[in-house]
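S.K.: What follows is the file final21.cif, containing mmCIF, C-alpha atoms:
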data_protein
loop_
_atom_site.label_atom_id
_atom_site.label_comp_id
_atom_site.auth_asym_id
_atom_site.auth_seq_id
_atom_site.Cartn_x
_atom_site.Cartn_y
_atom_site.Cartn_z
CA MET K 1247 -15.22 -0.70 -16.66
CA THR K 1248 -15.01 2.86 -17.88
CA LYS K 1249 -12.48 3.46 -20.67
CA ARG K 1250 -10.24 6.47 -20.31
CA ALA K 1251 -8.21 7.95 -23.11
CA ALA K 1252 -4.48 7.93 -22.44
CA LYS K 1253 -2.85 11.36 -22.32
CA HIS K 1254 0.86 11.11 -21.74
CA THR K 1255 3.21 13.82 -20.51
CA PRO K 1256 6.56 14.38 -22.25
CA LEU K 1257 8.28 12.44 -19.47
CA ALA K 1258 5.87 9.54 -19.83
CA ASN K 1259 6.40 9.49 -23.60
CA ALA K 1260 10.18 9.49 -23.10
CA LEU K 1261 9.95 6.55 -20.71
CA LEU K 1262 7.55 4.59 -22.89
CA GLU K 1263 9.84 5.04 -25.86
CA GLN K 1264 12.52 3.15 -23.94
CA VAL K 1265 10.36 0.05 -23.61
CA THR K 1266 11.61 -2.73 -25.88
CA ASP K 1267 10.59 -6.31 -26.53
CA ARG K 1268 13.36 -7.33 -24.12
CA HIS K 1269 11.70 -5.30 -21.39
CA LEU K 1270 8.31 -6.85 -22.07
CA ALA K 1271 9.78 -10.36 -22.06
CA ALA K 1272 11.61 -9.67 -18.80
CA PHE K 1273 8.55 -8.26 -17.04
CA HIS K 1274 6.02 -10.74 -18.44
CA ASP K 1275 8.02 -13.97 -18.58
CA ALA K 1276 11.18 -13.88 -16.45
CA LEU K 1277 9.60 -11.86 -13.64
CA GLY K 1278 6.37 -13.85 -13.79
CA ALA K 1279 8.23 -17.15 -13.55
CA TRP K 1280 10.30 -15.82 -10.66
CA PHE K 1281 7.14 -14.79 -8.85
CA GLU K 1282 5.52 -18.18 -9.25
CA ALA K 1283 8.60 -19.78 -7.71
CA HIS K 1284 9.15 -17.28 -4.88
CA ARG K 1285 5.77 -15.80 -3.99
CA ARG K 1286 5.22 -15.50 -0.27
CA PRO K 1287 2.14 -17.16 1.25
CA MET K 1288 -0.33 -14.53 2.40
CA PRO K 1289 -3.86 -15.10 3.70
CA TRP K 1290 -5.41 -12.62 1.27
CA ARG K 1291 -3.87 -14.48 -1.69
CA GLU K 1292 -6.00 -17.53 -1.00
CA ALA K 1293 -8.50 -18.35 -3.75
CA ASP K 1294 -11.63 -20.49 -3.77
CA GLU K 1295 -11.96 -23.79 -5.58
CA THR K 1296 -12.45 -21.98 -8.91
CA GLY K 1297 -9.27 -19.96 -8.47
CA VAL K 1298 -11.09 -16.70 -7.72
CA ARG K 1299 -10.04 -14.43 -4.88
CA ASN K 1300 -12.44 -12.77 -2.49
CA PRO K 1301 -12.40 -9.06 -3.45
CA TYR K 1302 -13.41 -8.00 0.06
CA ARG K 1303 -10.37 -9.72 1.56
CA VAL K 1304 -8.12 -8.26 -1.14
CA TRP K 1305 -9.51 -4.78 -0.48
CA VAL K 1306 -8.97 -4.92 3.28
CA SER K 1307 -5.43 -6.26 2.83
CA GLU K 1308 -4.49 -3.55 0.35
CA VAL K 1309 -5.70 -0.81 2.68
CA MET K 1310 -3.67 -2.33 5.53
CA LEU K 1311 -0.56 -2.73 3.38
CA GLN K 1312 -0.42 0.87 2.19
CA GLN K 1313 1.78 1.86 5.15
CA THR K 1314 2.48 -1.50 6.79
CA ARG K 1315 4.88 -4.37 6.15
CA VAL K 1316 3.41 -7.75 5.26
CA ASP K 1317 4.66 -9.51 8.39
CA THR K 1318 3.07 -6.79 10.54
CA ALA K 1319 -0.20 -6.76 8.59
CA VAL K 1320 -0.89 -10.52 8.62
CA PRO K 1321 -2.02 -10.85 12.28
CA TYR K 1322 -4.07 -7.65 12.02
CA PHE K 1323 -5.70 -8.93 8.85
CA GLU K 1324 -6.57 -12.28 10.41
CA ARG K 1325 -8.08 -10.66 13.50
CA PHE K 1326 -10.01 -8.18 11.33
CA MET K 1327 -11.41 -10.98 9.15
CA GLU K 1328 -12.34 -12.99 12.21
CA ALA K 1329 -14.39 -10.07 13.51
CA PHE K 1330 -15.73 -8.82 10.16
CA PRO K 1331 -15.66 -11.70 7.63
CA THR K 1332 -17.96 -9.98 5.12
CA PRO K 1333 -18.87 -6.46 4.03
CA GLU K 1334 -22.20 -6.93 5.82
CA ALA K 1335 -20.45 -7.77 9.09
CA LEU K 1336 -18.20 -4.72 8.79
CA ALA K 1337 -21.06 -2.43 7.79
CA SER K 1338 -23.19 -3.42 10.79
CA ALA K 1339 -20.36 -3.14 13.32
CA ASP K 1340 -20.00 -0.29 15.76
CA GLN K 1341 -17.22 2.11 14.76
CA ASP K 1342 -15.52 1.69 18.13
CA ALA K 1343 -15.27 -2.06 17.46
CA VAL K 1344 -13.74 -1.40 14.04
CA LEU K 1345 -11.18 1.03 15.44
CA LYS K 1346 -10.31 -1.40 18.23
CA ARG K 1347 -9.47 -4.11 15.66
CA TRP K 1348 -7.39 -1.54 13.76
CA GLU K 1349 -5.60 -0.28 16.86
CA GLY K 1350 -1.82 -0.24 16.36
CA LEU K 1351 -1.87 0.02 12.56
CA GLY K 1352 -2.17 3.79 12.58
CA TYR K 1353 -3.76 5.91 9.83
CA TYR K 1354 -7.15 5.45 11.48
CA SER K 1355 -8.99 7.38 8.80
CA ARG K 1356 -8.49 4.28 6.67
CA ALA K 1357 -10.40 2.17 9.16
CA ARG K 1358 -13.21 4.71 9.27
CA ASN K 1359 -13.30 4.80 5.47
CA LEU K 1360 -13.40 0.99 5.32
CA HIS K 1361 -16.37 1.08 7.65
CA ARG K 1362 -18.21 3.71 5.61
CA ALA K 1363 -17.34 2.00 2.33
CA ALA K 1364 -18.70 -1.32 3.60
CA GLN K 1365 -21.96 0.42 4.46
CA GLN K 1366 -22.05 1.86 0.93
CA ILE K 1367 -21.34 -1.58 -0.58
CA VAL K 1368 -24.26 -3.03 1.36
CA ALA K 1369 -26.61 -0.14 0.54
CA GLU K 1370 -25.75 0.26 -3.15
CA HIS K 1371 -24.34 -3.12 -4.25
CA GLY K 1372 -26.19 -5.66 -2.16
CA GLY K 1373 -23.12 -6.51 -0.12
CA ALA K 1374 -21.04 -7.55 -3.15
CA PHE K 1375 -17.81 -5.67 -3.80
CA PRO K 1376 -18.38 -3.91 -7.17
CA ALA K 1377 -16.40 -4.88 -10.26
CA ASP K 1378 -16.87 -1.52 -11.99
CA GLU K 1379 -13.96 0.94 -11.70
CA ASP K 1380 -16.14 4.01 -11.32
CA ALA K 1381 -18.19 2.30 -8.59
CA VAL K 1382 -15.03 1.26 -6.75
CA ARG K 1383 -13.52 4.74 -7.00
CA ALA K 1384 -16.76 6.14 -5.53
CA LEU K 1385 -16.19 4.23 -2.28
CA PRO K 1386 -14.86 6.31 0.63
CA GLY K 1387 -11.09 6.22 0.85
CA VAL K 1388 -10.51 4.36 -2.41
CA GLY K 1389 -7.98 5.97 -4.75
CA PRO K 1390 -6.35 4.88 -8.00
CA TYR K 1391 -3.94 2.43 -6.36
CA THR K 1392 -6.52 0.58 -4.26
CA ALA K 1393 -9.00 0.40 -7.14
CA ALA K 1394 -6.37 -0.96 -9.52
CA ALA K 1395 -5.14 -3.48 -6.96
CA VAL K 1396 -8.54 -4.94 -6.12
CA LEU K 1397 -9.86 -4.95 -9.68
CA SER K 1398 -6.73 -6.57 -11.09
CA LEU K 1399 -6.11 -9.09 -8.30
CA ALA K 1400 -9.71 -10.15 -7.68
CA PHE K 1401 -11.35 -9.53 -11.05
CA GLY K 1402 -8.47 -9.83 -13.51
CA GLN K 1403 -9.02 -6.35 -14.95
CA PRO K 1404 -6.03 -4.85 -16.85
CA LEU K 1405 -5.10 -2.07 -14.45
CA ALA K 1406 -1.52 -1.43 -13.34
CA VAL K 1407 -0.77 -0.58 -9.71
CA LEU K 1408 1.79 1.96 -8.56
CA ASP K 1409 3.03 1.75 -4.98
CA GLY K 1410 6.43 2.41 -3.41
CA ASN K 1411 7.80 -0.97 -4.45
CA VAL K 1412 6.68 -0.55 -8.06
CA ILE K 1413 8.10 2.98 -8.18
CA ARG K 1414 11.48 1.70 -6.99
CA VAL K 1415 11.60 -1.14 -9.53
CA LEU K 1416 10.62 1.04 -12.48
CA ALA K 1417 12.88 3.93 -11.44
CA ARG K 1418 15.84 1.54 -11.37
CA VAL K 1419 15.09 -0.46 -14.50
CA PHE K 1420 14.70 2.74 -16.52
CA ALA K 1421 17.14 4.91 -14.50
CA VAL K 1422 14.54 7.63 -13.97
CA GLU K 1423 16.45 10.75 -12.96
CA GLN K 1424 13.44 12.90 -12.06
CA ASP K 1425 12.22 13.27 -8.46
CA SER K 1426 9.98 10.28 -7.80
CA ARG K 1427 7.92 12.29 -5.28
CA ALA K 1428 6.94 14.87 -7.87
CA PRO K 1429 3.39 14.42 -9.20
CA VAL K 1430 4.55 14.62 -12.83
CA THR K 1431 7.04 11.81 -12.23
CA ARG K 1432 4.49 9.62 -10.48
CA LYS K 1433 2.06 10.18 -13.36
CA ALA K 1434 4.77 9.18 -15.84
CA LEU K 1435 5.61 6.06 -13.82
CA GLN K 1436 1.94 5.13 -13.71
CA ASP K 1437 1.78 5.42 -17.49
CA LEU K 1438 4.97 3.37 -17.77
CA ALA K 1439 3.50 0.64 -15.53
CA THR K 1440 0.38 0.60 -17.69
CA GLY K 1441 2.51 0.34 -20.84
CA LEU K 1442 4.41 -2.63 -19.39
CA LEU K 1443 1.33 -4.37 -18.01
CA ASP K 1444 0.71 -7.97 -19.01
CA ARG K 1445 -2.92 -7.50 -19.96
CA GLU K 1446 -3.54 -11.24 -20.13
CA ARG K 1447 -2.27 -11.77 -16.57
CA PRO K 1448 -2.59 -8.41 -14.79
CA ALA K 1449 -2.80 -9.93 -11.30
CA ARG K 1450 0.44 -11.85 -11.70
CA PHE K 1451 2.15 -8.83 -13.25
CA ASN K 1452 1.15 -6.44 -10.47
CA GLU K 1453 1.98 -8.83 -7.66
CA SER K 1454 5.29 -9.86 -9.20
CA VAL K 1455 6.55 -6.27 -9.46
CA MET K 1456 5.43 -5.48 -5.91
CA GLU K 1457 6.96 -8.71 -4.60
CA LEU K 1458 10.24 -7.99 -6.37
CA GLY K 1459 10.43 -4.53 -4.81
CA ALA K 1460 9.63 -5.91 -1.36
CA THR K 1461 12.09 -8.80 -1.34
CA VAL K 1462 14.82 -8.28 -3.98
CA CYS K 1463 14.87 -4.71 -5.30
CA THR K 1464 14.94 -3.32 -1.78
CA PRO K 1465 15.79 0.28 -0.84
CA ARG K 1466 19.19 -0.74 0.56
CA SER K 1467 21.51 -3.49 -0.72
CA PRO K 1468 19.27 -4.78 -3.52
CA ALA K 1469 19.98 -8.40 -4.50
CA CYS K 1470 20.76 -7.63 -8.13
CA ALA K 1471 22.54 -10.96 -8.64
CA VAL K 1472 19.26 -12.88 -8.33
CA CYS K 1473 16.93 -10.30 -9.88
CA PRO K 1474 14.95 -11.55 -12.90
CA LEU K 1475 15.07 -8.02 -14.36
CA ALA K 1476 18.86 -7.68 -14.06
CA THR K 1477 19.44 -8.01 -17.80
CA VAL K 1478 17.30 -4.96 -18.58
CA CYS K 1479 18.04 -2.82 -15.50
CA ALA K 1480 19.73 0.45 -16.41
CA ALA K 1481 20.56 1.27 -12.78
CA ARG K 1482 22.40 -2.03 -12.34
CA ALA K 1483 24.25 -1.47 -15.59
CA GLY K 1484 25.30 1.94 -14.27
CA GLY K 1485 26.74 0.35 -11.16
CA ASP K 1486 24.73 2.28 -8.56
CA PRO K 1487 21.17 0.97 -8.21
CA GLU K 1488 20.77 2.61 -4.80
CA ALA K 1489 20.98 6.01 -6.50
CA PHE K 1490 17.42 5.35 -7.70
CA PRO K 1491 14.71 6.32 -7.18
CA VAL K 1492 15.73 9.96 -6.97
CA VAL K 1493 13.91 11.67 -4.11
CA SER K 1494 13.76 15.27 -2.97
CA LYS K 1495 14.81 16.14 0.56
CA ARG K 1496 11.98 16.28 3.04
CA LYS K 1497 11.34 19.40 5.06
CA PRO K 1498 12.45 19.31 8.70
CA VAL K 1499 9.91 17.49 10.84
CA PRO K 1500 8.36 19.74 13.52
CA HIS K 1501 8.26 18.62 17.14
CA GLN K 1502 5.46 19.16 19.62
CA THR K 1503 5.46 18.93 23.42
CA VAL K 1504 2.13 17.80 24.84
CA ALA K 1505 0.81 17.62 28.40
CA VAL K 1506 -1.54 14.75 29.19
CA ALA K 1507 -3.84 14.54 32.20
CA LEU K 1508 -4.44 11.19 33.91
CA ILE K 1509 -7.41 12.34 35.97
CA THR K 1510 -8.64 10.01 38.70
CA ASP K 1511 -11.80 10.25 40.75
CA GLY K 1512 -12.51 9.02 44.27
CA ASP K 1513 -13.10 5.48 42.98
CA GLY K 1514 -9.77 5.27 41.19
CA ARG K 1515 -11.32 5.58 37.74
CA LEU K 1516 -9.62 7.45 34.88
CA LEU K 1517 -11.22 10.03 32.62
CA ILE K 1518 -10.98 9.49 28.86
CA GLN K 1519 -12.53 11.31 25.94
CA ARG K 1520 -13.15 10.48 22.30
CA ARG K 1521 -11.47 12.52 19.58
CA PRO K 1522 -13.69 14.36 17.07
CA GLU K 1523 -14.50 12.37 13.95
CA ASP K 1524 -12.97 14.92 11.59
CA ALA K 1525 -9.73 15.34 13.56
CA MET K 1526 -6.48 13.46 13.25
CA LEU K 1527 -6.94 10.04 14.92
CA GLY K 1528 -10.66 10.76 14.84
CA GLY K 1529 -12.92 8.38 16.73
CA LEU K 1530 -10.16 7.08 19.00
CA TRP K 1531 -10.17 7.55 22.75
CA GLU K 1532 -7.48 9.50 24.56
CA PHE K 1533 -6.55 11.17 27.80
CA PRO K 1534 -7.27 14.92 27.97
CA GLY K 1535 -4.44 17.29 27.18
CA GLY K 1536 -2.83 19.41 24.53
CA LYS K 1537 0.20 21.35 23.35
CA VAL K 1538 2.45 23.14 25.79
CA GLU K 1539 2.66 26.80 24.84
CA PRO K 1540 6.05 28.58 24.89
CA SER K 1541 5.03 30.72 27.86
CA GLU K 1542 3.99 27.88 30.19
CA THR K 1543 5.27 24.76 31.88
CA ALA K 1544 3.92 21.30 31.10
CA PRO K 1545 1.94 21.10 34.38
CA GLU K 1546 0.44 24.53 33.68
CA ALA K 1547 -0.54 23.41 30.18
CA CYS K 1548 -2.08 20.27 31.63
CA ALA K 1549 -4.39 22.24 33.95
CA ARG K 1550 -5.26 24.78 31.24
CA GLU K 1551 -6.11 22.16 28.62
CA VAL K 1552 -8.37 20.25 31.02
CA ALA K 1553 -10.20 23.46 31.89
CA GLU K 1554 -10.61 24.39 28.22
CA GLU K 1555 -11.51 20.91 26.97
CA LEU K 1556 -13.66 19.59 29.81
CA SER K 1557 -14.58 22.58 32.03
CA LEU K 1558 -12.85 20.91 34.98
CA SER K 1559 -10.44 22.22 37.60
CA VAL K 1560 -7.71 19.74 38.47
CA ASP K 1561 -4.71 19.60 40.72
CA VAL K 1562 -1.73 18.47 38.68
CA GLY K 1563 0.44 15.95 40.48
CA PRO K 1564 3.67 14.16 39.55
CA GLU K 1565 4.67 13.15 36.05
CA VAL K 1566 4.10 9.39 35.76
CA ALA K 1567 5.13 8.77 32.15
CA ARG K 1568 7.03 10.42 29.33
CA VAL K 1569 6.58 9.11 25.79
CA ASP K 1570 8.29 9.99 22.53
CA HIS K 1571 6.36 9.17 19.38
CA ALA K 1572 6.72 9.89 15.67
CA TYR K 1573 3.86 10.51 13.25
CA SER K 1574 4.27 10.83 9.50
CA HIS K 1575 4.62 14.62 9.56
CA PHE K 1576 5.69 15.52 13.11
CA THR K 1577 7.13 14.08 16.30
CA VAL K 1578 5.76 14.49 19.79
CA THR K 1579 6.79 14.09 23.40
CA LEU K 1580 3.92 13.37 25.77
CA HIS K 1581 4.26 14.29 29.45
CA ALA K 1582 1.60 12.43 31.42
CA PHE K 1583 0.67 13.76 34.85
CA ARG K 1584 -1.42 12.24 37.57
CA CYS K 1585 -4.28 14.65 38.25
CA THR K 1586 -7.12 14.78 40.73
CA LEU K 1587 -10.29 16.85 40.72
CA SER K 1588 -9.71 20.11 42.53
CA PRO K 1589 -11.76 20.74 45.67
CA GLU K 1590 -12.09 24.34 44.56
CA ALA K 1591 -15.25 25.56 42.89
CA PRO K 1592 -15.57 24.50 39.24
CA PRO K 1593 -15.11 27.10 36.49
CA ALA K 1594 -17.92 29.66 36.30
CA GLY K 1595 -20.99 28.45 34.48
CA THR K 1596 -20.14 24.74 34.80
CA SER K 1597 -21.52 21.94 36.93
CA GLY K 1598 -18.23 20.37 37.90
CA GLU K 1599 -18.94 17.36 35.69
CA PRO K 1600 -16.69 16.76 32.64
CA VAL K 1601 -18.24 18.12 29.47
CA SER K 1602 -16.29 17.95 26.22
CA ALA K 1603 -15.97 21.30 24.44
CA SER K 1604 -16.11 19.42 21.12
CA GLY K 1605 -19.30 17.61 22.07
CA GLU K 1606 -17.61 14.20 21.99
CA PRO K 1607 -18.28 11.53 24.64
CA VAL K 1608 -16.26 11.42 27.86
CA GLN K 1609 -16.18 8.47 30.21
CA TRP K 1610 -14.83 7.39 33.58
CA VAL K 1611 -13.28 3.93 33.33
CA ARG K 1612 -11.41 1.58 35.63
CA PRO K 1613 -7.80 0.83 34.67
CA ASP K 1614 -8.75 -2.77 33.86
CA GLN K 1615 -11.34 -1.50 31.34
CA LEU K 1616 -8.87 0.51 29.27
CA ASP K 1617 -8.14 -2.38 26.91
CA ASP K 1618 -11.77 -2.25 25.76
CA PHE K 1619 -11.13 1.10 24.04
CA ALA K 1620 -9.12 1.95 20.93
CA PHE K 1621 -6.33 4.42 21.72
CA PRO K 1622 -3.66 6.06 19.55
CA ARG K 1623 -0.33 4.28 19.83
CA ALA K 1624 1.24 7.12 21.83
CA ASN K 1625 -1.56 6.91 24.39
CA ARG K 1626 -1.20 3.14 24.42
CA LYS K 1627 2.42 3.59 25.49
CA ILE K 1628 1.15 5.69 28.39
CA LEU K 1629 -1.36 2.94 29.17
CA ASP K 1630 1.47 0.50 29.75
CA ALA K 1631 2.82 2.80 32.44
CA ILE K 1632 -0.64 3.33 33.93
CA GLN K 1633 -1.42 -0.37 34.11
CA ALA K 1634 1.89 -1.03 35.82
CA ALA K 1635 1.20 1.81 38.25
CA SER K 1636 -2.34 0.56 38.91
CA ARG K 1637 -0.83 -2.45 40.67
CA GLN K 1638 0.76 -0.04 43.16
CA PRO K 1639 -1.96 1.33 45.48
CA SER K 1640 0.26 4.21 46.50
CA LEU K 1641 0.07 5.60 42.98
CA PHE K 1642 -3.42 4.69 41.76
#
Just dump the structure as structure tokens.

M.R.:
Amino acid sequence: MTKRAAKHTPLANALLEQVTDRHLAAFHDALGAWFEAHRRPMPWREADETGVRNPYRVWVSEVMLQQTRVDTAVPYFERFMEAFPTPEALASADQDAVLKRWEGLGYYSRARNLHRAAQQIVAEHGGAFPADEDAVRALPGVGPYTAAAVLSLAFGQPLAVLDGNVIRVLARVFAVEQDSRAPVTRKALQDLATGLLDRERPARFNESVMELGATVCTPRSPACAVCPLATVCAARAGGDPEAFPVVSKRKPVPHQTVAVALITDGDGRLLIQRRPEDAMLGGLWEFPGGKVEPSETAPEACAREVAEELSLSVDVGPEVARVDHAYSHFTVTLHAFRCTLSPEAPPAGTSGEPVSASGEPVQWVRPDQLDDFAFPRANRKILDAIQAASRQPSLF
């Protein structure tokens, strides 16, 4: 593992100067003992007969858990492992199959990066997850947190992790008054975590702090009375642990209105298209459509977007579904309209067949085939309405 010289900021130095032997004893001994007694069973925590964890399983779980609760991630993890039990199995899989197993977790770039990273592991490391930090960091989608998590949990390397749970625990124990979202604060908290790390038992240390933040030192109503760090927690001593971590106010979240075309042909099939690889939700399938401009109605936007995206003329029929959905940085309302191919002549210079302007595949599918494709969650909500409507011949 590559050694890196520690360069601390003034804030990091100030925090590290607060660390006492009492803090180290609390984090290493009291917290470690609490974790051994209260650790939750998780499939990725399973070890082989020698007590060693499978780094591939740890890696996949950590990627899933970055924006997902444990109870939500477990069934996804088990299905993913059933389909792709090894890096070789994941590397050789079709991307559509990978995205389908990921469907519902969101943040689909992570699934695509897992797929590419598995191919790199097979090509450059013989299918074995590397134990070198630089090699791990060179994998697509792997940042400092994921590298530290896998290398500490699976290989016992002395690297401290910093996720939202760890930030909350440290910010409360040391009453950190700076904005926890600021890069300088996060860097200082990372240095603090490294300074507190139990280098003899890094896996237990990292998991115990994360487990404490997930189950005891929660964002609201933390259970301070049963916390193994209560005796050294400055926020508890101050009487207001929920005041930490300090966070800046987020900017208002923009809202978008989108028109979606559910285009049917004479055989009752629906037209779907795949999103560009480098776009948000890249590689997933969706129904054609796009943003409604201020100067147009949703049906007008529906017809315009289909013409621009697929060189098709459609007659826009009734709205059959309306879906509200929230992404991490904006919210959206989807208006889904039943559409049919227009009997009028196709746009000039086109054949009348759907051709994606982005060059991505398009496909006509029966309603009962839709479950074979990976869709964004918002489109999946529309699918529920479509599948219900497909049982009514008057509609589909």

S.K.: Could you check the closest approach to Arg1432 (chain K) for each of K:Ala1258, K:Leu1475, K:Ile1509, K:Ala1620 and tell me which residue wins, using only C-alpha atoms?

M.R.: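 The answer is K:Ala1258, which sits nearest to Arg1432 (chain K).
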
S.K.: Let me know the residues the PyMOL selection byres ((chain K and resi 1600) around 12) catches in the file above, as a VMD selection string.

M.R.: chain K and resid 1509 1511 1516 to 1519 1534 1552 to 1560 1587 1592 to 1593 1596 to 1599 1601 to 1610

S.K.: Please produce a file of the residues just selected, as a compact mmCIF listing (two decimals), keeping the file's coordinate frame, where the atoms kept are C-alpha atoms.

M.R.:
# COMPACT_ATOMS: atom_id res chain seq x y z
CA ILE K 1509 -7.41 12.34 35.97
CA ASP K 1511 -11.80 10.25 40.75
CA LEU K 1516 -9.62 7.45 34.88
CA LEU K 1517 -11.22 10.03 32.62
CA ILE K 1518 -10.98 9.49 28.86
CA GLN K 1519 -12.53 11.31 25.94
CA PRO K 1534 -7.27 14.92 27.97
CA VAL K 1552 -8.37 20.25 31.02
CA ALA K 1553 -10.20 23.46 31.89
CA GLU K 1554 -10.61 24.39 28.22
CA GLU K 1555 -11.51 20.91 26.97
CA LEU K 1556 -13.66 19.59 29.81
CA SER K 1557 -14.58 22.58 32.03
CA LEU K 1558 -12.85 20.91 34.98
CA SER K 1559 -10.44 22.22 37.60
CA VAL K 1560 -7.71 19.74 38.47
CA LEU K 1587 -10.29 16.85 40.72
CA PRO K 1592 -15.57 24.50 39.24
CA PRO K 1593 -15.11 27.10 36.49
CA THR K 1596 -20.14 24.74 34.80
CA SER K 1597 -21.52 21.94 36.93
CA GLY K 1598 -18.23 20.37 37.90
CA GLU K 1599 -18.94 17.36 35.69
CA VAL K 1601 -18.24 18.12 29.47
CA SER K 1602 -16.29 17.95 26.22
CA ALA K 1603 -15.97 21.30 24.44
CA SER K 1604 -16.11 19.42 21.12
CA GLY K 1605 -19.30 17.61 22.07
CA GLU K 1606 -17.61 14.20 21.99
CA PRO K 1607 -18.28 11.53 24.64
CA VAL K 1608 -16.26 11.42 27.86
CA GLN K 1609 -16.18 8.47 30.21
CA TRP K 1610 -14.83 7.39 33.58

S.K.: Can you turn the PyMOL selection byres ((chain K and resi 1453) around 9) into a concrete residue list for this file, as number ranges by chain?

M.R.: K: 1281, 1285, 1395, 1399, 1407, 1448-1452, 1454-1458

S.K.: Take the residues from that selection and write them out as a PDB file, in the coordinates of the input, keeping C-alpha atoms.

M.R.:
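Saved file again_6.pdb follows:
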ATOM      1  CA  PHE K1281       7.140 -14.790  -8.850  1.00  0.00           C
ATOM      2  CA  ARG K1285       5.770 -15.800  -3.990  1.00  0.00           C
ATOM      3  CA  ALA K1395      -5.140  -3.480  -6.960  1.00  0.00           C
ATOM      4  CA  LEU K1399      -6.110  -9.090  -8.300  1.00  0.00           C
ATOM      5  CA  VAL K1407      -0.770  -0.580  -9.710  1.00  0.00           C
ATOM      6  CA  PRO K1448      -2.590  -8.410 -14.790  1.00  0.00           C
ATOM      7  CA  ALA K1449      -2.800  -9.930 -11.300  1.00  0.00           C
ATOM      8  CA  ARG K1450       0.440 -11.850 -11.700  1.00  0.00           C
ATOM      9  CA  PHE K1451       2.150  -8.830 -13.250  1.00  0.00           C
ATOM     10  CA  ASN K1452       1.150  -6.440 -10.470  1.00  0.00           C
ATOM     11  CA  SER K1454       5.290  -9.860  -9.200  1.00  0.00           C
ATOM     12  CA  VAL K1455       6.550  -6.270  -9.460  1.00  0.00           C
ATOM     13  CA  MET K1456       5.430  -5.480  -5.910  1.00  0.00           C
ATOM     14  CA  GLU K1457       6.960  -8.710  -4.600  1.00  0.00           C
ATOM     15  CA  LEU K1458      10.240  -7.990  -6.370  1.00  0.00           C
TER      16      LEU K1458
END

S.K.: Between CA of His1254 (chain K) and CA of Asp1378 (chain K), what is the distance, to one decimal in Å?

M.R.: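 Taking CA of His1254 (chain K) as the start and CA of Asp1378 (chain K) as the end point, the length is 23.9 Å.
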
S.K.: Need to verify the contact set: Glu1488 (chain K), 8 Å, all atoms listed in the file, exclusion of same-chain residues closer than 4 positions in sequence. Can you return it as number ranges by chain?

M.R.: K: 1465-1468

S.K.: Pick the closest to Leu1262 (chain K) from K:Phe1420, K:Phe1621, K:Trp1280, K:Phe1323: which is it, counting only C-alpha atoms?

M.R.: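 Result for the nearest residue to Leu1262 (chain K): K:Phe1420.
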
S.K.: Go through K:Gln1264, K:Ser1541, K:Thr1318, K:Thr1255 one by one, measure the shortest atom-to-atom distance of each to Leu1416 (chain K) using all atoms listed in the file, and give the residue with the smallest value.

M.R.: K:Gln1264

S.K.: Report as a PDB file with C-alpha atoms, keeping the file's coordinate frame the residues that result from applying the PyMOL selection byres ((chain K and resi 1289-1298) around 8) to the structure here.

M.R.:
ATOM      1  CA  PRO K1287       2.140 -17.160   1.250  1.00  0.00           C
ATOM      2  CA  MET K1288      -0.330 -14.530   2.400  1.00  0.00           C
ATOM      3  CA  ARG K1299     -10.040 -14.430  -4.880  1.00  0.00           C
ATOM      4  CA  ASN K1300     -12.440 -12.770  -2.490  1.00  0.00           C
ATOM      5  CA  ARG K1303     -10.370  -9.720   1.560  1.00  0.00           C
ATOM      6  CA  VAL K1304      -8.120  -8.260  -1.140  1.00  0.00           C
ATOM      7  CA  SER K1307      -5.430  -6.260   2.830  1.00  0.00           C
ATOM      8  CA  VAL K1320      -0.890 -10.520   8.620  1.00  0.00           C
ATOM      9  CA  GLU K1324      -6.570 -12.280  10.410  1.00  0.00           C
ATOM     10  CA  ALA K1400      -9.710 -10.150  -7.680  1.00  0.00           C
ATOM     11  CA  PHE K1401     -11.350  -9.530 -11.050  1.00  0.00           C
TER      12      PHE K1401
END

S.K.: Using all atoms listed in the file for the distances, tell me which of K:Phe1375, K:Phe1576, K:Phe1583, K:Phe1490 is nearest to Leu1508 (chain K).

M.R.: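 Comparing K:Phe1375, K:Phe1576, K:Phe1583, K:Phe1490 against Leu1508 (chain K), the winner is K:Phe1583.
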
S.K.: One decimal, Å: what's the distance from CA of Ala1439 (chain K) over to CA of Glu1379 (chain K), could you say?

M.R.: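 Separation of CA of Ala1439 (chain K) and CA of Glu1379 (chain K): 17.9 Å.
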
S.K.: Which residue gives the smallest distance to Ser1338 (chain K) among K:Ala1480, K:Leu1351, K:Val1538, K:Val1368, with only C-alpha atoms counted?

M.R.: K:Val1368

S.K.: Could you tell me which of K:Pro1301, K:Gln1424, K:Gln1436, K:Pro1613 comes closest to Ala1377 (chain K) if we count all atoms listed in the file?

M.R.: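 For Ala1377 (chain K), the nearest of the candidates is K:Pro1301.
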
S.K.: Skipping near chain neighbours, those fewer than 6 positions away, what residues fall within 12 Å of Val1306 (chain K) using all atoms listed in the file, listed as a ChimeraX atom specification?

M.R.: /K:1289-1291,1300,1312,1319-1320,1322-1327,1330-1333,1336,1348,1356-1357,1359-1361,1363-1364,1375,1387-1388,1392-1393,1395-1396

S.K.: Report, as lines of an AutoDock Vina configuration file, the centre and edge lengths in Å (one decimal) of the axis-aligned box enclosing every listed atom of region 1360-1372 of chain K, padded by 8 Å on each side.

M.R.:
center_x = -20.0
center_y = -1.0
center_z = 1.7
size_x = 29.2
size_y = 25.4
size_z = 27.9

S.K.: Calculate how many Å separate CA of Thr1464 (chain K) from CA of Ala1481 (chain K), rounding to one decimal.

M.R.: 13.2 Å
